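**Q** To start, I am sharing the structure in question, which I have written as C-alpha cells.
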Amino acid sequence: MIWWKRSSSSLLSVRGCRRFVDRLLGGAGLLSALLGASLVIWMLGFVLVESWPALQQIGPLRFLTDTAWYPTLGRFGMWPMVVATVVVTIGSVVVTTPVALGSAVYLRFYAPPVLAGLYRRVLWVLAGVPSVVYGWWGITALVPMIGRFSPFGFGHSLLAGVLVLSIMTLPLAALTVDTALGAVPRDYLAAAAALGLGRRAVAWQVAVPLAWRGVLAGVLLQTARAIGETMAVLMVCGNVVQLPVSLFAPVRLLTANIALEMGYATQLHRSALFVSGLWLLVLAAVLVWAAQRLERECT
Amino acid sequence: MNGRLSKGWWMSAGWDTAGTAFVWGCALAATLALAWLIGGVLSAGAGVISWEFLTSEPSDAGRAGGIGTILVATCWILAVASMTSLPVGIGAAVWLAECNRDGQLGRWVRGAVDLLAGVPSIVFGLFGNAFFCQFLGLGYSILSGGLTLAVMILPLLVRVSEQGLRAVPDQYRMAAAALGLSRTTTFLHVVLPQAVPALLAGFLLATARALSETAALIFTSGYVARMPRSLFDSGRAISVHVYDLVMHVPGGERRAAGAALVLVLLLLAIHSLTNLFARQWLSHVT
C-alpha cells in the first residue's frame with residue numbers, strides 16, 4: 001500500500017489536525033490489535049499459573065504413571081483419559097477423512113450446480129449446530145441404538161463418542177478441502193481432461209494430490225476440533241475412568257473430566273485439571289495454527 | 001508416466017462407477033445425518049414450544065415451566081460478549097487491513113489471533129474461571145460468562161472483518177487519496193460503507209458461535225435459572241439449560257428438546273441473515 005506509507009501520507013495530510021485524527025485512529029487500531037494478540041499470552045499465562053502447583057508438587061510424570069484417578073486422595077493418574085482422548089480422536093478422524101474427501105470431490109467434480117449449492121448449505125448448517133444439540137441427539141437417538149448391540153447392555157460408549165464426533169467434524173474438514181480443490185488451477189484440470197482422463201482420474205489423481213495442503217489442513221482442523229470437543233462427548237461417552245478395552249466400553253475424555261469436576265475441585269485437584277487444560281490448549285492451538293498456515297499457502 | 005496412466009487396474013469402467021457411487025454416497029450420508037438430527041429435534045421439541053414456554057420461568061428444576069428467564073440471561077450474556085469484543089475486533093481488523101497489511105507486526109498479530117482461534121472452548125472456560133471469576137473477583141456472573149465468550153469470538157470477528165475490509169478494491173483508496181482525503185475520511189466515508197455488509201456478517205457469525213457455546217459458560221456464568229437482576233448475577237444460558245436438563249434432571253428430556261429446538265431455530269435464523277449479508281457483500285465487491 002503505497003498511499004499508506006508515511007512519506008506519501010505526509011503529502012496527504014495537508015493540515016496538522018487531519019494527521020492527528022489519522023494517528024488517533026491508527027493508534028486505536030494498533031491498541032486493539034495488540035490487545036487481541038496478547039489475549040492468547042494472557043490465557044497461556046493464567047492456565048500455566050493455575051497449573052503450576054500441580055506441576056511442581058505432583059510432577060508432570062505422575063499424571064501418566066499414577067495407577068488411578070482419585071484426585072481427592074492424591075492419586076492423579078490421567079493415563080486412561082489420555083488414551084481415551086487419543087483413541088476417540090483417531091477414530092473420528094479415520095471415519096471422517098474419507099467422507100470429507102468424498103464430499104469435497106462431490107462438490108467440485110460430480111454434483112450438478114444446484115445440488116452443490118444445496119449440499120454446501122447442508123454442510124454449513126451441520127457446522128453451525130451447537131455441540132450440546134449433538135449431545136442431545138447422541139443421547140436420544142444414537143446411544144439407545146448402540147445399546148441394543150452392546151455386550152454391556154448400554155449405549156454410552158467409545159463408539160457413540162466416535163460417531164458423534166465424526167458427524168461434528170465432517171463439515172469443517174469437507175469445506176476446507178472444498179476450498180483447496182477450488183484453488184487448483186483450471187488449466188491443470190483441463191489439460192488432464194484433454195489427455196483423455198476421466199472424471200474420476202482428474203478428481204482423485206490430479207486435483208486431490210495438487211490440493212494436498214488443503215487436505216492436510218482439513219485433517220488437522222478436524223483433529224483439533226475432536227480433541228477440544230467437550231459437551232457432546234461428555235454426554236454420550238459414559239464418563240467412566242478406564243482404559244478403552246472395547247468399542248462399547250464407557251470412557252471419560254480429558255475435556256469431559258474438566259467439565260465434570262471443575263465445579264467442586266479445589267487446590268491440587270483444581271490445579272491438576274488446569275494441567276490437562278494446558279495440554280489440550282497447546283496441542284489444539286498448534287494443530288489449528290499449522291492448519292491455517294497450510295490453508296493460506298494453498299489459496 | 002504414459003504407461004502408468006494408460007494401463008492400470010484403476011482405469012477400468014467399474015472403478016469409475018464405484019468412484020461415482022462413493023462420492024454420491026458421502027453426500028447422501030451427510031445429508032441424511034443432518035435430516036436425522038434436525039428431524040429428531042423438530043419432532044421431539046415442536047410439541048413443547050408455545051408462547052407460555054418461551055416466557056415463563058422454569059420450575060421443578062426445569063421439568064415444568066418454560067425458558068423465559070433462560071432467554072433473558074442468554075441475551076444478557078450475548079450482549080456483554082458482543083459489546084466488548086466488537087470494538088476490539090473491528091479495531092484490530094481495521095489496523096490489520098488498513099495500516100499494517102504486510103508488516104512484520106501484523107503477521108505476528110495475525111499468528112497470535114490464529115492461535116487463539118484454536119483454543120478448545122473448555123480451556124476458555126478454565127481461563128474465564130481463573131481470570132474473570134477469581135482474579136477479577138466477578139464470581140459466577142453474566143459478566144464473567146459474557147467476557148469469556150468475548151475472548152472466544154474475537155478471532156472469528158477479526159478474521160471475517162479483515163477479509164471484508166481487504167475485499168474493498170484498492171482503487172477506491174487510491175482515488176480518495178488522489179482527491180486529497182485524509183486516511184480517516186477515506187476510511188469512514190469510502191471503505192467502511194463498502195465493508196458494512198461483511199462486518200455485519202462477521203458480527204452475526206460471532207454471535208452464532210457465542211450462542212451455541214456451552215463448555216465455556218458452565219464455570220463462568222453458572223447454572224442459576226432465576227431471573228438475573230444485574231450483570232453480577234449468575235445466569236443460565238440456553239445451551240447450558242439443555243445440557244443440565246439432559247444430564248442432571250431425570251424427566252427433563254421433553255423440555256430439553258423444546259429448548260434445543262429454540263436454540264437451533266435461533267441459530268438457523270442468524271445463519272440465514274448472515275447469508276443474506278454475505279451475498280450482498282459479494283455482489284458489492286465483484
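Residue numbers start at 1 in each chain; chains themselves are named A, B, ... in the order of the C-alpha cells; ligands are numbered from 1 in the order shown.
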May I have the residues of chain A within 6 Å of chain B, counting only C-alpha atoms, written as a tab-separated table (two decimals) with all heavy atoms, in the first residue's frame?

**A**
chain	number	residue	atom	x	y	z
A	12	LEU	N	-0.50	13.72	1.97
A	12	LEU	CA	-1.95	13.73	2.03
A	12	LEU	C	-2.48	14.65	3.12
A	12	LEU	O	-3.42	15.40	2.93
A	12	LEU	CB	-2.48	12.32	2.31
A	12	LEU	CG	-2.47	11.35	1.15
A	12	LEU	CD1	-3.02	10.03	1.62
A	12	LEU	CD2	-3.30	11.90	0.01
A	13	SER	N	-1.83	14.57	4.31
A	13	SER	CA	-2.37	15.34	5.42
A	13	SER	C	-1.92	16.79	5.30
A	13	SER	O	-0.85	17.16	5.73
A	13	SER	CB	-1.93	14.75	6.74
A	13	SER	OG	-0.61	14.30	6.63
A	22	ASP	N	-5.83	11.01	12.01
A	22	ASP	CA	-5.32	9.78	11.41
A	22	ASP	C	-4.54	8.96	12.42
A	22	ASP	O	-4.73	7.77	12.56
A	22	ASP	CB	-4.39	10.11	10.23
A	22	ASP	CG	-5.17	10.57	9.02
A	22	ASP	OD1	-6.40	10.44	9.07
A	22	ASP	OD2	-4.55	11.06	8.07
A	29	GLY	N	-6.50	1.51	16.55
A	29	GLY	CA	-6.45	0.22	15.86
A	29	GLY	C	-5.31	-0.62	16.37
A	29	GLY	O	-5.48	-1.80	16.69
A	30	LEU	N	-4.13	0.00	16.47
A	30	LEU	CA	-2.95	-0.72	16.94
A	30	LEU	C	-3.18	-1.26	18.35
A	30	LEU	O	-2.87	-2.41	18.66
A	30	LEU	CB	-1.74	0.21	16.92
A	30	LEU	CG	-0.44	-0.37	17.48
A	30	LEU	CD1	0.00	-1.55	16.64
A	30	LEU	CD2	0.65	0.68	17.53
A	32	SER	N	-6.03	-2.00	19.86
A	32	SER	CA	-6.95	-3.14	19.91
A	32	SER	C	-6.31	-4.37	19.29
A	32	SER	O	-6.55	-5.49	19.76
A	32	SER	CB	-8.28	-2.81	19.24
A	32	SER	OG	-8.09	-2.09	18.07
A	33	ALA	N	-5.48	-4.17	18.26
A	33	ALA	CA	-4.79	-5.32	17.68
A	33	ALA	C	-3.85	-5.96	18.69
A	33	ALA	O	-3.81	-7.18	18.85
A	33	ALA	CB	-4.01	-4.90	16.43
A	37	ALA	N	-4.09	-9.64	20.28
A	37	ALA	CA	-2.99	-10.58	20.13
A	37	ALA	C	-2.45	-11.03	21.48
A	37	ALA	O	-2.01	-12.16	21.63
A	37	ALA	CB	-1.87	-9.94	19.31
A	40	VAL	N	-3.98	-14.36	23.86
A	40	VAL	CA	-3.55	-15.75	23.87
A	40	VAL	C	-2.40	-15.93	24.87
A	40	VAL	O	-2.29	-16.97	25.53
A	40	VAL	CB	-3.16	-16.21	22.45
A	40	VAL	CG1	-1.88	-15.60	21.97
A	40	VAL	CG2	-3.08	-17.72	22.39
A	99	VAL	N	-14.89	-39.51	4.13
A	99	VAL	CA	-16.18	-38.89	3.80
A	99	VAL	C	-16.00	-37.42	3.45
A	99	VAL	O	-16.63	-36.90	2.52
A	99	VAL	CB	-17.17	-39.06	4.98
A	99	VAL	CG1	-18.52	-38.48	4.62
A	99	VAL	CG2	-17.31	-40.51	5.36
A	102	GLY	N	-14.52	-37.32	0.00
A	102	GLY	CA	-15.56	-37.66	-0.95
A	102	GLY	C	-16.54	-36.51	-1.13
A	102	GLY	O	-16.93	-36.18	-2.25
A	103	SER	N	-16.88	-35.85	-0.01
A	103	SER	CA	-17.82	-34.73	-0.09
A	103	SER	C	-17.25	-33.59	-0.92
A	103	SER	O	-17.93	-33.02	-1.77
A	103	SER	CB	-18.12	-34.20	1.32
A	103	SER	OG	-18.80	-35.16	2.06
A	106	TYR	N	-17.13	-34.54	-4.49
A	106	TYR	CA	-18.51	-34.48	-5.00
A	106	TYR	C	-18.88	-33.05	-5.35
A	106	TYR	O	-19.41	-32.77	-6.42
A	106	TYR	CB	-19.45	-35.03	-3.93
A	106	TYR	CG	-20.91	-34.84	-4.24
A	106	TYR	CD1	-21.57	-35.67	-5.14
A	106	TYR	CD2	-21.64	-33.82	-3.63
A	106	TYR	CE1	-22.90	-35.49	-5.43
A	106	TYR	CE2	-22.98	-33.64	-3.91
A	106	TYR	CZ	-23.60	-34.46	-4.82
A	106	TYR	OH	-24.92	-34.28	-5.12
A	130	PRO	N	-24.97	-26.54	17.48
A	130	PRO	CA	-24.16	-26.49	18.70
A	130	PRO	C	-23.85	-27.89	19.23
A	130	PRO	O	-24.64	-28.82	19.03
A	130	PRO	CB	-25.03	-25.73	19.69
A	130	PRO	CG	-26.28	-25.40	19.02
A	130	PRO	CD	-26.31	-25.99	17.68
A	228	GLY	N	-10.62	-31.00	21.23
A	228	GLY	CA	-11.15	-29.98	22.13
A	228	GLY	C	-12.63	-30.10	22.42
A	228	GLY	O	-13.14	-29.41	23.29
A	277	GLY	N	-5.93	-29.07	31.00
A	277	GLY	CA	-6.32	-27.98	30.12
A	277	GLY	C	-5.14	-27.42	29.35
A	277	GLY	O	-5.24	-27.10	28.17
A	281	LEU	N	-4.80	-27.14	25.42
A	281	LEU	CA	-4.57	-25.81	24.85
A	281	LEU	C	-3.41	-25.84	23.86
A	281	LEU	O	-3.54	-25.43	22.71
A	281	LEU	CB	-4.28	-24.82	25.99
A	281	LEU	CG	-3.72	-23.46	25.62
A	281	LEU	CD1	-4.78	-22.61	24.97
A	281	LEU	CD2	-3.18	-22.75	26.84
A	284	ALA	N	-4.12	-28.36	20.69
A	284	ALA	CA	-5.13	-27.90	19.73
A	284	ALA	C	-4.68	-26.61	19.05
A	284	ALA	O	-4.84	-26.44	17.83
A	284	ALA	CB	-6.46	-27.70	20.42
A	285	ALA	N	-4.08	-25.70	19.82
A	285	ALA	CA	-3.67	-24.42	19.23
A	285	ALA	C	-2.60	-24.64	18.17
A	285	ALA	O	-2.65	-24.05	17.09
A	285	ALA	CB	-3.17	-23.48	20.32
A	288	VAL	N	-4.28	-26.13	14.99
A	288	VAL	CA	-5.06	-25.16	14.22
A	288	VAL	C	-4.14	-24.14	13.56
A	288	VAL	O	-4.34	-23.75	12.40
A	288	VAL	CB	-6.08	-24.46	15.13
A	288	VAL	CG1	-6.71	-23.28	14.41
A	288	VAL	CG2	-7.16	-25.43	15.54
A	289	TRP	N	-3.10	-23.75	14.28
A	289	TRP	CA	-2.15	-22.80	13.71
A	289	TRP	C	-1.49	-23.37	12.46
A	289	TRP	O	-1.43	-22.73	11.41
A	289	TRP	CB	-1.11	-22.45	14.77
A	289	TRP	CG	-0.11	-21.46	14.33
A	289	TRP	CD1	-0.29	-20.12	14.18
A	289	TRP	CD2	1.24	-21.74	13.96
A	289	TRP	NE1	0.86	-19.55	13.75
A	289	TRP	CE2	1.82	-20.51	13.60
A	289	TRP	CE3	2.02	-22.89	13.91
A	289	TRP	CZ2	3.14	-20.42	13.19
A	289	TRP	CZ3	3.33	-22.79	13.50
A	289	TRP	CH2	3.87	-21.56	13.15

**Q** For the alpha helix (DSSP H) assignment from backbone DSSP, which residues of range 53-224 of chain B qualify? Please present them as a ChimeraX atom specification.

**A** /B:53-55,68-94,104-117,121-128,142-166,170-178,183-186,192-211

**Q** One decimal, Å: what's the distance from CA of Pro197 in chain B over to CA of Ala73 in chain B, could you say?

**A** 28.1 Å

**Q** Identify, on the basis of only C-alpha atoms, every residue whose closest approach to Pro185 in chain A does not exceed 9 Å; exclude the query and any residue fewer than 4 positions from it along the same chain; express the result as a list in words.

**A**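 Listed by chain and then number, they are Leu181, Leu189 and Ala207 of chain A.
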
**Q** Based on the selection just made, write all heavy atoms of those residues as a compact mmCIF listing (two decimals), in the first residue's frame.

**A**
# COMPACT_ATOMS: atom_id res chain seq x y z
N LEU A 181 -9.63 -27.51 -3.20
CA LEU A 181 -9.85 -28.04 -4.56
C LEU A 181 -10.24 -26.92 -5.51
O LEU A 181 -9.87 -26.92 -6.68
CB LEU A 181 -10.94 -29.11 -4.53
CG LEU A 181 -10.57 -30.47 -3.97
CD1 LEU A 181 -11.78 -31.39 -4.01
CD2 LEU A 181 -9.43 -31.07 -4.73
N LEU A 189 -6.63 -29.06 -14.74
CA LEU A 189 -7.75 -29.98 -14.88
C LEU A 189 -8.11 -30.13 -16.36
O LEU A 189 -8.37 -31.23 -16.85
CB LEU A 189 -8.95 -29.47 -14.09
CG LEU A 189 -8.68 -29.18 -12.61
CD1 LEU A 189 -9.94 -28.69 -11.92
CD2 LEU A 189 -8.15 -30.43 -11.92
N ALA A 207 -6.42 -33.46 -9.14
CA ALA A 207 -6.83 -32.36 -8.25
C ALA A 207 -6.48 -32.62 -6.79
O ALA A 207 -5.88 -31.77 -6.14
CB ALA A 207 -8.33 -32.12 -8.41

**Q** Can you list, as number ranges by chain, every protein, DNA or RNA residue that comes within 9 Å of Gly145 in chain B when you count only C-alpha atoms, leaving out same-chain residues fewer than 2 positions away?

**A** B: 77, 80-81, 125, 128-129, 132-133, 140-143, 147-150, 216-222, 234-235

**Q** Just how far from CA of Arg254 in chain B is CA of Leu54 in chain B, in Å to one decimal?

**A** 14.2 Å

**Q** If you measure from CA of Val83 in chain A to CA of Pro71 in chain A, what distance in Å do you get, rounded to one decimal?

**A** 18.2 Å

**Q** With distances taken over only C-alpha atoms, which residue among B:Leu157, B:Ala79, B:Ala206, B:Ile238 lies nearest Gly258 in chain B?

**A**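 The shortest atom-to-atom distance to Gly258 in chain B comes from B:Ile238.
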
**Q** Residues within 12 Å of range 146-157 of chain A, please, as a ChimeraX atom specification. Count only C-alpha atoms; anything in the same chain fewer than 3 positions from it doesn't count.

**A** /A:84,88,135,138-143,160-164,232-253

**Q** Under the rule that only C-alpha atoms are counted, which of B:Ala176, B:Ala97, B:Ala61, B:Ala278 is the nearest residue to Pro250 in chain B?

**A**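 Looking at the shortest contact to Pro250 in chain B, the residue is B:Ala61.
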